[in-house]
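The structure file structure02.pdb is reproduced below (PDB, C-alpha atoms and all ligand atoms).
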```pdb
ATOM      1  CA  MET P  21       1.906  36.038  -3.912  1.00  0.00           C
ATOM      2  CA  THR P  22       2.172  36.733  -0.218  1.00  0.00           C
ATOM      3  CA  GLU P  23       5.060  36.082   2.130  1.00  0.00           C
ATOM      4  CA  ARG P  24       3.964  34.096   5.160  1.00  0.00           C
ATOM      5  CA  ILE P  25       5.849  33.130   8.277  1.00  0.00           C
ATOM      6  CA  PHE P  26       5.484  29.974  10.344  1.00  0.00           C
ATOM      7  CA  GLU P  27       7.263  28.469  13.305  1.00  0.00           C
ATOM      8  CA  VAL P  28       9.589  25.518  12.750  1.00  0.00           C
ATOM      9  CA  ARG P  29      11.497  23.136  14.945  1.00  0.00           C
ATOM     10  CA  GLN P  30      14.678  21.336  14.039  1.00  0.00           C
ATOM     11  CA  ILE P  31      14.708  17.536  13.894  1.00  0.00           C
ATOM     12  CA  GLY P  32      17.384  14.942  13.126  1.00  0.00           C
ATOM     13  CA  VAL P  33      16.606  12.097  10.732  1.00  0.00           C
ATOM     14  CA  GLU P  34      18.521   8.806  10.571  1.00  0.00           C
ATOM     15  CA  TYR P  35      18.120   5.898   8.195  1.00  0.00           C
ATOM     16  CA  THR P  36      18.201   2.353   9.542  1.00  0.00           C
ATOM     17  CA  CYS P  37      19.454  -0.734   7.713  1.00  0.00           C
ATOM     18  CA  ASP P  38      16.656  -2.978   6.392  1.00  0.00           C
ATOM     19  CA  LYS P  39      18.811  -6.072   7.044  1.00  0.00           C
ATOM     20  CA  CYS P  40      20.098  -5.590  10.593  1.00  0.00           C
ATOM     21  CA  GLY P  41      18.639  -2.379  12.019  1.00  0.00           C
ATOM     22  CA  GLY P  42      22.067  -0.703  12.088  1.00  0.00           C
ATOM     23  CA  PHE P  43      22.480   2.898  10.936  1.00  0.00           C
ATOM     24  CA  MET P  44      23.102   3.834   7.324  1.00  0.00           C
ATOM     25  CA  ARG P  45      26.027   6.257   7.076  1.00  0.00           C
ATOM     26  CA  GLN P  46      27.070   8.430   4.133  1.00  0.00           C
ATOM     27  CA  THR P  47      30.060   7.203   2.166  1.00  0.00           C
ATOM     28  CA  GLY P  48      30.660  10.616   0.601  1.00  0.00           C
ATOM     29  CA  ILE P  49      29.678   9.263  -2.815  1.00  0.00           C
ATOM     30  CA  MET P  50      26.908  11.067  -4.656  1.00  0.00           C
ATOM     31  CA  LEU P  51      25.694   9.267  -7.747  1.00  0.00           C
ATOM     32  CA  PRO P  52      25.283  11.647 -10.694  1.00  0.00           C
ATOM     33  CA  VAL P  53      21.775  10.497 -11.619  1.00  0.00           C
ATOM     34  CA  ASP P  54      18.664  12.619 -11.914  1.00  0.00           C
ATOM     35  CA  PRO P  55      17.464  12.983  -9.191  1.00  0.00           C
ATOM     36  CA  PRO P  56      20.812  12.390  -7.410  1.00  0.00           C
ATOM     37  CA  ARG P  57      21.281   9.503  -4.969  1.00  0.00           C
ATOM     38  CA  TRP P  58      23.753   9.228  -2.092  1.00  0.00           C
ATOM     39  CA  ARG P  59      25.527   5.952  -1.366  1.00  0.00           C
ATOM     40  CA  HIS P  60      25.255   4.778   2.240  1.00  0.00           C
ATOM     41  CA  LYS P  61      26.791   1.892   4.107  1.00  0.00           C
ATOM     42  CA  CYS P  62      25.407   0.177   7.221  1.00  0.00           C
ATOM     43  CA  ASP P  63      27.639   0.809  10.235  1.00  0.00           C
ATOM     44  CA  HIS P  64      26.936  -2.731  11.437  1.00  0.00           C
ATOM     45  CA  CYS P  65      26.682  -5.183   8.490  1.00  0.00           C
ATOM     46  CA  ASN P  66      28.164  -3.076   5.640  1.00  0.00           C
ATOM     47  CA  GLU P  67      24.976  -3.347   3.528  1.00  0.00           C
ATOM     48  CA  THR P  68      24.905  -0.548   0.964  1.00  0.00           C
ATOM     49  CA  ALA P  69      21.964   1.529  -0.235  1.00  0.00           C
ATOM     50  CA  ASP P  70      21.617   4.499  -2.581  1.00  0.00           C
ATOM     51  CA  LEU P  71      19.242   6.930  -0.900  1.00  0.00           C
ATOM     52  CA  SER P  72      17.511  10.083  -2.118  1.00  0.00           C
ATOM     53  CA  GLY P  73      19.145  12.155   0.649  1.00  0.00           C
ATOM     54  CA  ALA P  74      22.301  12.128   2.764  1.00  0.00           C
ATOM     55  CA  TYR P  75      21.822  10.677   6.258  1.00  0.00           C
ATOM     56  CA  PRO P  76      21.916  11.476   9.086  1.00  0.00           C
ATOM     57  CA  ALA P  77      20.144  14.676   8.090  1.00  0.00           C
ATOM     58  CA  VAL P  78      18.735  17.737   9.785  1.00  0.00           C
ATOM     59  CA  ARG P  79      15.288  18.906   8.777  1.00  0.00           C
ATOM     60  CA  TRP P  80      12.818  21.502   9.900  1.00  0.00           C
ATOM     61  CA  LYS P  81       9.268  20.643  10.718  1.00  0.00           C
ATOM     62  CA  ARG P  82       6.444  23.123  10.859  1.00  0.00           C
ATOM     63  CA  VAL P  83       5.091  23.589  14.350  1.00  0.00           C
ATOM     64  CA  ALA P  84       1.350  23.004  14.198  1.00  0.00           C
ATOM     65  CA  THR P  85      -0.745  26.036  15.015  1.00  0.00           C
ATOM     66  CA  ASP P  86      -4.339  25.895  16.226  1.00  0.00           C
ATOM     67  CA  HIS P  87      -5.421  26.655  12.675  1.00  0.00           C
ATOM     68  CA  SER P  88      -3.230  24.010  11.041  1.00  0.00           C
ATOM     69  CA  ARG P  89      -3.830  21.392  13.713  1.00  0.00           C
ATOM     70  CA  GLY P  90      -7.063  20.613  11.916  1.00  0.00           C
ATOM     71  CA  ALA P  91      -9.194  21.988  14.717  1.00  0.00           C
ATOM     72  CA  GLY P  92     -11.607  22.892  11.952  1.00  0.00           C
ATOM     73  CA  MET P  93     -13.949  25.768  11.568  1.00  0.00           C
ATOM     74  CA  THR P  94     -15.717  27.035  14.658  1.00  0.00           C
ATOM     75  CA  ARG P  95     -19.240  28.432  14.598  1.00  0.00           C
ATOM     76  CA  ASP P  96     -17.727  31.905  15.156  1.00  0.00           C
ATOM     77  CA  ASP P  97     -15.433  31.395  12.125  1.00  0.00           C
ATOM     78  CA  ILE P  98     -18.423  30.411   9.975  1.00  0.00           C
ATOM     79  CA  ILE P  99     -20.521  33.400  11.120  1.00  0.00           C
ATOM     80  CA  ARG P 100     -17.563  35.752  10.600  1.00  0.00           C
ATOM     81  CA  MET P 101     -17.147  34.458   7.027  1.00  0.00           C
ATOM     82  CA  ALA P 102     -20.865  34.814   6.333  1.00  0.00           C
ATOM     83  CA  ARG P 103     -20.737  38.445   7.511  1.00  0.00           C
ATOM     84  CA  GLU P 104     -17.576  38.989   5.473  1.00  0.00           C
ATOM     85  CA  ALA P 105     -19.465  37.645   2.450  1.00  0.00           C
ATOM     86  CA  GLY P 106     -22.148  40.296   3.051  1.00  0.00           C
ATOM     87  CA  ALA P 107     -24.834  38.274   4.855  1.00  0.00           C
ATOM     88  CA  HIS P 108     -27.761  40.245   6.276  1.00  0.00           C
ATOM     89  CA  GLU P 109     -28.753  39.515   9.823  1.00  0.00           C
ATOM     90  CA  LYS P 110     -32.223  39.786  11.286  1.00  0.00           C
ATOM     91  CA  TYR P 111     -33.419  38.329  14.596  1.00  0.00           C
ATOM     92  CA  GLY P 112     -30.327  36.145  14.755  1.00  0.00           C
ATOM     93  CA  VAL P 113     -30.881  34.721  11.274  1.00  0.00           C
ATOM     94  CA  LEU P 114     -28.294  35.161   8.541  1.00  0.00           C
ATOM     95  CA  TYR P 115     -29.633  35.784   5.032  1.00  0.00           C
ATOM     96  CA  LEU P 116     -27.397  35.383   2.001  1.00  0.00           C
ATOM     97  CA  LEU P 117     -28.251  36.518  -1.518  1.00  0.00           C
ATOM     98  CA  PRO P 118     -26.979  34.193  -4.282  1.00  0.00           C
ATOM     99  CA  GLU P 119     -23.845  36.315  -4.906  1.00  0.00           C
ATOM    100  CA  GLU P 120     -23.194  36.490  -1.153  1.00  0.00           C
ATOM    101  CA  LEU P 121     -23.603  32.739  -0.946  1.00  0.00           C
ATOM    102  CA  GLU P 122     -20.986  32.387  -3.706  1.00  0.00           C
ATOM    103  CA  ARG P 123     -18.599  34.669  -1.771  1.00  0.00           C
ATOM    104  CA  PHE P 124     -19.254  32.688   1.416  1.00  0.00           C
ATOM    105  CA  PHE P 125     -18.515  29.430  -0.401  1.00  0.00           C
ATOM    106  CA  ALA P 126     -15.275  30.871  -1.832  1.00  0.00           C
ATOM    107  CA  LEU P 127     -14.149  31.991   1.654  1.00  0.00           C
ATOM    108  CA  ALA P 128     -14.961  28.602   3.185  1.00  0.00           C
ATOM    109  CA  ALA P 129     -13.221  26.741   0.331  1.00  0.00           C
ATOM    110  CA  ALA P 130     -10.108  28.943   0.715  1.00  0.00           C
ATOM    111  CA  ALA P 131      -9.987  28.277   4.475  1.00  0.00           C
ATOM    112  CA  GLU P 132     -10.338  24.524   3.899  1.00  0.00           C
ATOM    113  CA  ARG P 133      -7.665  24.597   1.158  1.00  0.00           C
ATOM    114  CA  GLU P 134      -5.262  26.361   3.498  1.00  0.00           C
ATOM    115  CA  ALA P 135      -5.964  23.850   6.286  1.00  0.00           C
ATOM    116  CA  CYS P 136      -5.257  20.966   3.854  1.00  0.00           C
ATOM    117  CA  ALA P 137      -2.050  22.614   2.582  1.00  0.00           C
ATOM    118  CA  ASP P 138      -0.942  23.123   6.205  1.00  0.00           C
ATOM    119  CA  ILE P 139      -1.372  19.399   6.847  1.00  0.00           C
ATOM    120  CA  CYS P 140       0.876  18.703   3.845  1.00  0.00           C
ATOM    121  CA  ASP P 141       3.432  21.228   5.159  1.00  0.00           C
ATOM    122  CA  GLN P 142       3.507  19.350   8.455  1.00  0.00           C
ATOM    123  CA  HIS P 143       4.556  16.231   6.538  1.00  0.00           C
ATOM    124  CA  ALA P 144       7.270  18.071   4.628  1.00  0.00           C
ATOM    125  CA  SER P 145      10.320  15.970   3.775  1.00  0.00           C
ATOM    126  CA  VAL P 146      13.550  16.151   1.832  1.00  0.00           C
ATOM    127  CA  GLU P 147      11.849  14.340  -1.054  1.00  0.00           C
ATOM    128  CA  GLY P 148       9.450  17.269  -1.298  1.00  0.00           C
ATOM    129  CA  ILE P 149       6.327  15.278  -2.133  1.00  0.00           C
ATOM    130  CA  ALA P 150       4.204  16.791   0.642  1.00  0.00           C
ATOM    131  CA  GLN P 151       5.493  20.280  -0.239  1.00  0.00           C
ATOM    132  CA  ARG P 152       4.406  19.769  -3.858  1.00  0.00           C
ATOM    133  CA  CYS P 153       0.961  18.635  -2.661  1.00  0.00           C
ATOM    134  CA  ALA P 154       0.681  21.801  -0.518  1.00  0.00           C
ATOM    135  CA  GLU P 155       1.627  23.977  -3.521  1.00  0.00           C
ATOM    136  CA  ARG P 156      -0.949  22.256  -5.721  1.00  0.00           C
ATOM    137  CA  ILE P 157      -3.694  22.599  -3.111  1.00  0.00           C
ATOM    138  CA  ARG P 158      -2.930  26.326  -2.684  1.00  0.00           C
ATOM    139  CA  ALA P 159      -2.774  26.774  -6.474  1.00  0.00           C
ATOM    140  CA  ARG P 160      -6.393  25.588  -6.700  1.00  0.00           C
ATOM    141  CA  GLY P 161      -7.354  28.972  -5.219  1.00  0.00           C
ATOM    142  CA  LYS P 162      -5.552  30.944  -7.956  1.00  0.00           C
ATOM    143  CA  LYS P 163      -7.304  31.192 -11.274  1.00  0.00           C
TER     144      LYS P 163
HETATM  145 ZN    ZN G   1      23.010  -3.546   8.379  1.00  0.00          ZN
END
```

What's the structure tokens form of this structure?
Amino acid sequence: MTERIFEVRQIGVEYTCDKCGGFMRQTGIMLPVDPPRWRHKCDHCNETADLSGAYPAVRWKRVATDHSRGAGMTRDDIIRMAREAGAHEKYGVLYLLPEELERFFALAAAAEREACADICDQHASVEGIAQRCAERIRARGKK
């Protein structure tokens, strides 16, 4: 386990009424179900809805970095990983022994996993589905 830091920005989230487009407002009633639901009422037509969060809400969204923006692997990144895996270089050609090739593959797979998990983190929500996907993707690297 490693602690990591990332930049976030604060965002406000509102819920609109499916019937009239008005705004759903909290009534202060939380239904004791598992998972809990919050009763909302439209500020325009009085339609009610039981939602999985209380709205309006404040959330934090991960600020995309160059790495997590999906820019992908550059040629320099690939060469750096090959060297890190122990590749031998001669006349500009990289040679990898089978065990070095395995290490290179593991490094590339880990980088791709992290990029995928970052994409999930960028879609993080109160419901936590994207966060769970990110955890599962990262867990694939831990055996
Ligand atoms: Zn409405």

Applied to this file, what does the PyMOL selection byres (((not hetatm)) within 6 of (chain G and resi 1)) return in terms of residues, put as a ChimeraX atom specification?
/P:37,39-42,62,64-67

Given the file shown, enumerate the residues that the PyMOL selection byres (((chain P and resi 44) around 6) and not hetatm) captures and present them as a VMD selection string.
chain P and resid 35 to 37 43 45 60 to 62

Please determine, counting all atoms listed in the file, which residue among P:Arg29, P:Met21, P:Ala102, P:Ile149 has the shortest atom-to-atom distance to P:Gly161.
P:Met21

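Ranking P:Arg95, P:Gly48, P:Asp141, P:Ala128 by their shortest atom-to-atom distance to P:Gly73, with only C-alpha atoms included, puts P:Gly48 first.
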
Contacts of P:Ala129 within 12 Å, all atoms listed in the file, excl. fewer than 6 positions in-chain, as a PyMOL selection string:
chain P and resi 93+98+101+122-123+135-136+157-158+160-161

How many Å separate atom CA of P:Val33 from atom CA of P:Arg79?
7.2 Å

Distance query stretch 26-28 of chain P at most 7 Å, all atoms listed in the file, self and fewer than 6 positions along chain excluded, as a list in words
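Contacts, with the query itself left out: Trp80, Lys81, Arg82 and Val83 of chain P.
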
Go ahead and dump the residues you just picked, C-alpha atoms, as a CSV table (one decimal), in the frame of the given file.
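Here's the written file result31.csv:
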```
chain,number,residue,atom,x,y,z
P,80,TRP,CA,12.8,21.5,9.9
P,81,LYS,CA,9.3,20.6,10.7
P,82,ARG,CA,6.4,23.1,10.9
P,83,VAL,CA,5.1,23.6,14.4
```

Have a look at P:Gly92, P:Gly32, P:Pro56, P:Gly106 and name the one nearest to P:Pro76; count all atoms listed in the file.
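Counting all atoms listed in the file, the residue closest to P:Pro76 is P:Gly32.
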
Point out the residue among P:Ala137, P:Ala74, P:Ala131, P:Cys153 with the least atom-to-atom distance to P:Thr94, counting all atoms listed in the file.
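For P:Thr94, the nearest of the candidates is P:Ala131.
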
Can you tell me how far atom CA of P:Glu109 sits from atom CA of P:Glu132, in Å to one decimal?
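We find that atom CA of P:Glu109 and atom CA of P:Glu132 lie 24.5 Å from each other.
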
As a check of understanding, name the residues that the PyMOL selection byres (((chain P and resi 114) around 12) and not hetatm) selects in the supplied structure, as a VMD selection string.
chain P and resid 98 to 113 115 to 117 120 to 121 124

Measuring between only C-alpha atoms, which one of P:Gly148, P:Glu155, P:Ala69, P:Ala77 shows the shortest distance to P:Arg133?
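Comparing P:Gly148, P:Glu155, P:Ala69, P:Ala77 against P:Arg133, the winner is P:Glu155.
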
So how far away is atom CA of P:Cys140 from atom CA of P:Ala154, in Å?
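Answer for the atom CA of P:Ala154 to atom CA of P:Cys140 separation: 5.4 Å.
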
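Proximity of P:Pro55, P:Phe125, P:Lys162, P:Ile31 to P:Ala144, computed with all atoms listed in the file, is greatest for P:Ile31.
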
Output of stretch 91-126 of chain P limited to N, CA and C atoms, as a CSV table (one decimal), in the first residue's frame:
```csv
chain,number,residue,atom,x,y,z
P,91,ALA,N,-3.0,10.3,-22.4
P,91,ALA,CA,-2.0,10.7,-23.4
P,91,ALA,C,-1.3,9.5,-24.0
P,92,GLY,N,-1.3,8.4,-23.1
P,92,GLY,CA,-0.7,7.2,-23.6
P,92,GLY,C,0.8,7.2,-23.4
P,93,MET,N,1.4,6.1,-23.7
P,93,MET,CA,2.8,5.9,-23.5
P,93,MET,C,3.6,6.6,-24.7
P,94,THR,N,4.6,7.3,-24.3
P,94,THR,CA,5.5,7.9,-25.4
P,94,THR,C,6.6,6.9,-25.7
P,95,ARG,N,7.3,7.1,-26.8
P,95,ARG,CA,8.4,6.2,-27.2
P,95,ARG,C,9.4,6.3,-26.1
P,96,ASP,N,9.7,7.5,-25.5
P,96,ASP,CA,10.6,7.6,-24.4
P,96,ASP,C,10.2,6.7,-23.2
P,97,ASP,N,8.9,6.7,-22.9
P,97,ASP,CA,8.4,5.9,-21.8
P,97,ASP,C,8.7,4.5,-22.0
P,98,ILE,N,8.4,4.0,-23.2
P,98,ILE,CA,8.6,2.6,-23.6
P,98,ILE,C,10.1,2.2,-23.5
P,99,ILE,N,11.0,3.1,-24.0
P,99,ILE,CA,12.4,2.8,-24.0
P,99,ILE,C,12.9,2.8,-22.5
P,100,ARG,N,12.4,3.7,-21.7
P,100,ARG,CA,12.8,3.8,-20.3
P,100,ARG,C,12.4,2.5,-19.6
P,101,MET,N,11.2,2.0,-19.9
P,101,MET,CA,10.7,0.8,-19.2
P,101,MET,C,11.5,-0.4,-19.7
P,102,ALA,N,11.9,-0.4,-21.0
P,102,ALA,CA,12.7,-1.6,-21.5
P,102,ALA,C,14.1,-1.6,-20.8
P,103,ARG,N,14.6,-0.4,-20.6
P,103,ARG,CA,15.9,-0.3,-19.9
P,103,ARG,C,15.8,-0.7,-18.4
P,104,GLU,N,14.6,-0.3,-17.8
P,104,GLU,CA,14.3,-0.6,-16.4
P,104,GLU,C,14.2,-2.1,-16.3
P,105,ALA,N,13.7,-2.8,-17.3
P,105,ALA,CA,13.5,-4.2,-17.3
P,105,ALA,C,14.8,-4.9,-17.5
P,106,GLY,N,15.9,-4.2,-17.9
P,106,GLY,CA,17.2,-4.8,-18.1
P,106,GLY,C,17.6,-5.0,-19.5
P,107,ALA,N,16.9,-4.4,-20.4
P,107,ALA,CA,17.3,-4.5,-21.9
P,107,ALA,C,18.7,-4.2,-22.1
P,108,HIS,N,19.3,-4.9,-23.1
P,108,HIS,CA,20.7,-4.6,-23.5
P,108,HIS,C,20.6,-3.8,-24.8
P,109,GLU,N,21.5,-2.8,-24.9
P,109,GLU,CA,21.4,-1.9,-26.1
P,109,GLU,C,22.6,-2.0,-26.9
P,110,LYS,N,22.5,-2.2,-28.2
P,110,LYS,CA,23.7,-2.2,-29.1
P,110,LYS,C,23.3,-1.6,-30.4
P,111,TYR,N,24.0,-0.6,-30.8
P,111,TYR,CA,23.8,0.1,-32.1
P,111,TYR,C,22.3,0.6,-32.2
P,112,GLY,N,21.8,1.0,-31.1
P,112,GLY,CA,20.4,1.6,-31.1
P,112,GLY,C,19.3,0.5,-31.1
P,113,VAL,N,19.7,-0.8,-30.9
P,113,VAL,CA,18.8,-1.8,-30.9
P,113,VAL,C,18.7,-2.3,-29.4
P,114,LEU,N,17.4,-2.5,-29.0
P,114,LEU,CA,17.2,-3.0,-27.6
P,114,LEU,C,17.0,-4.5,-27.7
P,115,TYR,N,17.8,-5.3,-26.9
P,115,TYR,CA,17.6,-6.7,-26.8
P,115,TYR,C,17.1,-7.1,-25.4
P,116,LEU,N,16.1,-7.9,-25.4
P,116,LEU,CA,15.5,-8.4,-24.2
P,116,LEU,C,15.6,-9.9,-24.1
P,117,LEU,N,16.1,-10.4,-23.0
P,117,LEU,CA,16.1,-11.8,-22.7
P,117,LEU,C,14.7,-12.2,-22.3
P,118,PRO,N,14.3,-13.5,-22.3
P,118,PRO,CA,12.9,-13.8,-21.9
P,118,PRO,C,12.5,-13.2,-20.6
P,119,GLU,N,13.4,-13.3,-19.5
P,119,GLU,CA,13.0,-12.8,-18.2
P,119,GLU,C,12.9,-11.3,-18.2
P,120,GLU,N,13.7,-10.6,-19.1
P,120,GLU,CA,13.6,-9.2,-19.2
P,120,GLU,C,12.3,-8.8,-19.9
P,121,LEU,N,12.0,-9.6,-20.9
P,121,LEU,CA,10.7,-9.4,-21.6
P,121,LEU,C,9.5,-9.5,-20.7
P,122,GLU,N,9.6,-10.5,-19.8
P,122,GLU,CA,8.5,-10.6,-18.8
P,122,GLU,C,8.4,-9.4,-17.9
P,123,ARG,N,9.6,-8.9,-17.4
P,123,ARG,CA,9.6,-7.7,-16.6
P,123,ARG,C,9.1,-6.5,-17.4
P,124,PHE,N,9.5,-6.4,-18.6
P,124,PHE,CA,9.0,-5.2,-19.5
P,124,PHE,C,7.5,-5.3,-19.6
P,125,PHE,N,7.0,-6.5,-19.8
P,125,PHE,CA,5.5,-6.7,-20.0
P,125,PHE,C,4.8,-6.3,-18.7
P,126,ALA,N,5.4,-6.7,-17.5
P,126,ALA,CA,4.8,-6.4,-16.2
P,126,ALA,C,4.8,-4.8,-16.0
```
